[in-house]
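*Asks:* Please find one structure pasted underneath; my questions will follow.
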Amino acid sequence: MKDKVLHKLNILADAAKYDVSCSSSGSSRSSKGGVGNAKSAGVCHAFTEDGRCISLLKILYTNYCIYDCAYCVNRQSNDKRRASFTPDELADLTINFYRRNYIEGLFLSSGVMRSPDYTMEQLNAVARKLRKEYRFNGYIHMKSIPGADPLLVHEAGLLADRLSVNIEIPTEIQLQVLAPEKDFFSVFTPMNQISLGVMESKAERRKSRKAPRFVPAGQSTQLIVGASPETDYTILKLASGLYHQQRLKRVYYSGFVPVNQHDNRLPVIQKPPLVRENRLYQADWLMRFYHFSYDEILDEQNTQLDEHMDPKLAWALRNPHFFPIDLDRASYETILRVPGIGVRSAKIIVANRQYGRITFSHLKRMGVALNRAKYFILCRELPAATTAFYPEQIRRRLVKGSQDAGRQLSLKFEV
Amino acid sequence: MQLTNNPCIYTFNGSFEGFLTVVFRAFDDKRMPESIVSRAAQAQLPLGEMVHVETCNDQAARVCAGIVERSDQRNLRLFHVAFLAESAETNMLLWRYLQHLFRDNCREYYRNMLDEEVYALIQTARQVRREAHRFQGFVRFQRTRDNMYVAAIDPDHNVLKLLSAHFRSRFPDRHWLVYDTRRQYGIYYDKKSVQEVRMEAKPFNLNTGYIQKQARSMDEDYYRTLWQHYYDAINIAERKNHRQMRGSMPRRYWKYLPERSGK
């Protein structure tokens, strides 16, 4: 019996690993009368050798699947070991991991077994057991299975903290090529239902505290990058729409990892496009925390993010008229636009400039990347010649030595 | 207030109240501390005149009240958190900070992050909070035969105090213990309140953090094995990035993490 669970765990964790979402933030629940709570800040419990955080027990209910999507490791035509949990096994596993503080909660996804309704019902059974029998108040993220009955999606929304429906392929034409059984309709129907449900529940809860919470941590989705020929511009435009219209909390970008025997619908690649994925996340951050809109980051003419520099620097170099910025006077939003200055340092600058003039040593202490920022700010400590703004020159200085392959996250900048 | 020029090294029992008592005494004696160290750490000190200060809760409370009066509650909290870094440098930083606050009576001083020392203090508090936040994740409980959950930790800073509210609200329905093996004390929750405890016997293996086999519940090794397997299975080998993993989960924390032990 115990060996059986270990066997299933090995198969179904392995099969779940390509879903990148793991965040446990944005919800808050108290342990009232049971075990566990959800913290709005989220907690990472471990980090795997690929550098990703383990916050939730990320696992599939089953890796049997009636679909045959080209990019998916669990597609029907793959000759793989298959397994399914039972709701009892999964609830027991979750609660015992949780009690040992291995995890922050459960992230339950699944292949589609028999039908979308049947699968969704199994996922709900796990969550119901945890919430009702174990009185578990930790974090639960569930996949809403495309095509499942709206009533089942609604029940899932009442049990889970977060629901997600993965779009995977950013345009419908490409989705139809790679996943013939899917279309945008089956993805966007539950997504819209959830976003509507979240809005309604918020309105209800404003009237009465007793109104039930529906998906309190909001919904998220995932886009696979590099499996199909979409440009970064298309991807960011889609993401921006998802943030504004469907009010998604997060869009995840997953660099395509070829997991299947070659399929001529998919590109042949040596390594997953990790740099591109990282640039998309940086652009996503600009949209969510830095008040950038997608069409400032890229446009119809510039459709790909520059792999050699971060998108904020690229924007700055395309918009020399915006600079230099006077840190003693400029607004918070303006200061946020300076390459090398982040949200935290921008806030410190605005809150503290009343006490004196901001100098280089202050900026350095705050963690500002001066090697980049110095070209874009007005500063009395620098000779005027240094601050004259020549984008080409700055580009050459900052991007030189960036071909340091192998390191995905930090480009080396020349000081 | 003018402090006379005959410095000495103050020692105290290592507690926050003890430290505040030192502050009270130093002001009272009009002496400038050369260093303020806990008695446990004094062995590594240079020579100098040493004065040991017995903790006085009343005096400590008066210093606390003074801090709140001259700044605010949040600042007292910041001060306490930074103190948990337990370093002699931080202690002196705190001392000079209090001098500004009390002697110079500059009310805005503590908000000014452009000041090097204020910033250093805020940074120190940040580091302590960061480690406390990390340990909300890195604590690994083991279930004992009598259904208690126990864990060993060995953090750089004295973060136990910052963890108790978190675990208390998360696991209100079980007895649990988190034990700091370096500082040799723990926080124990008995379903009513959290108390600090010291243990004579050493229940944890100092290399692995495990409790003895006969103390573990029957299912403990089973779930630990499942967790170790899960940790390996969820990794994507094609995306290996050891550097990033070590940045987020530094090697010094691995010894009590069953998923990293032996790696």
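Labels used: A, B, ... for chains in the order of the structure tokens, numbers from 1 for residues in each chain, and numbers from 1 for ligands as shown.
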Got a sec to pull out which chain B residues are within 9 Å of chain A, counting only C-alpha atoms, and send them as a PyMOL selection string?
*Replies:* chain B and resi 111-116+119-120+133-143+149-151+169-174+222-227+229-249+257+259
*Asks:* Could you pull the residues within 7 Å of Ala125 of chain B, counting only C-alpha atoms, minus those fewer than 3 positions along the same chain, as a VMD selection string?
*Replies:* chain B and resid 78 81 to 82 121 to 122 128 to 129
*Asks:* Deliver the residues from the most recent selection as a file, using C-alpha atoms, as a PDB file, in the first residue's frame.
*Replies:*
ATOM      1  CA  LEU B  78      12.554  47.582  14.234  1.00  0.00           C
ATOM      2  CA  VAL B  81      14.376  42.887  15.321  1.00  0.00           C
ATOM      3  CA  ALA B  82      17.794  44.377  14.542  1.00  0.00           C
ATOM      4  CA  LEU B 121      20.133  49.499  11.230  1.00  0.00           C
ATOM      5  CA  ILE B 122      17.236  49.108   8.831  1.00  0.00           C
ATOM      6  CA  VAL B 128      16.965  39.274  10.355  1.00  0.00           C
ATOM      7  CA  ARG B 129      13.418  39.428   9.008  1.00  0.00           C
TER       8      ARG B 129
END
*Asks:* What is the distance between atom CA of Val187 of chain A and atom CA of Ile145 of chain A, in Å to one decimal?
*Replies:*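 Separation of atom CA of Val187 of chain A and atom CA of Ile145 of chain A: 8.7 Å.
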*Asks:* Looking only at alpha helix (DSSP H) from DSSP on the backbone, list the matching residues of segment 108-262 of chain B as a ChimeraX atom specification.
*Replies:* /B:116-138,160-170,220-233,242-248
*Asks:* Any idea what's packed within 9 Å of segment 276-287 of chain A, counting only C-alpha atoms, ignoring anything in its chain fewer than 5 positions away? Could you give it as a PyMOL selection string?
*Replies:* chain A and resi 225-226+232+235-236+239-240+251-255+292-294+297+305-307+309-312+408-409
*Asks:* Run DSSP on the backbone of this structure and report the residues of segment 106-216 of chain B it assigns to strand (DSSP E), as a list of chain:residue names.
*Replies:*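 Those in segment 106-216 of chain B that DSSP calls strand (DSSP E) are B:Gln142, B:Arg143, B:Met148, B:Tyr149, B:Val150, B:Ala151, B:Ala152, B:Ile153, B:His175, B:Trp176, B:Leu177, B:Val178, B:Tyr179, B:Asp180, B:Tyr185, B:Gly186, B:Ile187, B:Tyr188, B:Tyr189, B:Val194, B:Gln195, B:Glu196, B:Val197.
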*Asks:* Could you tell me how far atom CA of Met50 of chain B sits from atom CA of Asp29 of chain B, in Å to one decimal place?
*Replies:* 13.8 Å
*Asks:* Measuring between only C-alpha atoms, which one of A:Glu381, A:Glu155, A:Asp88, A:Asp149 shows the shortest distance to Asn124 of chain A?
*Replies:*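 The shortest atom-to-atom distance to Asn124 of chain A comes from A:Glu155.
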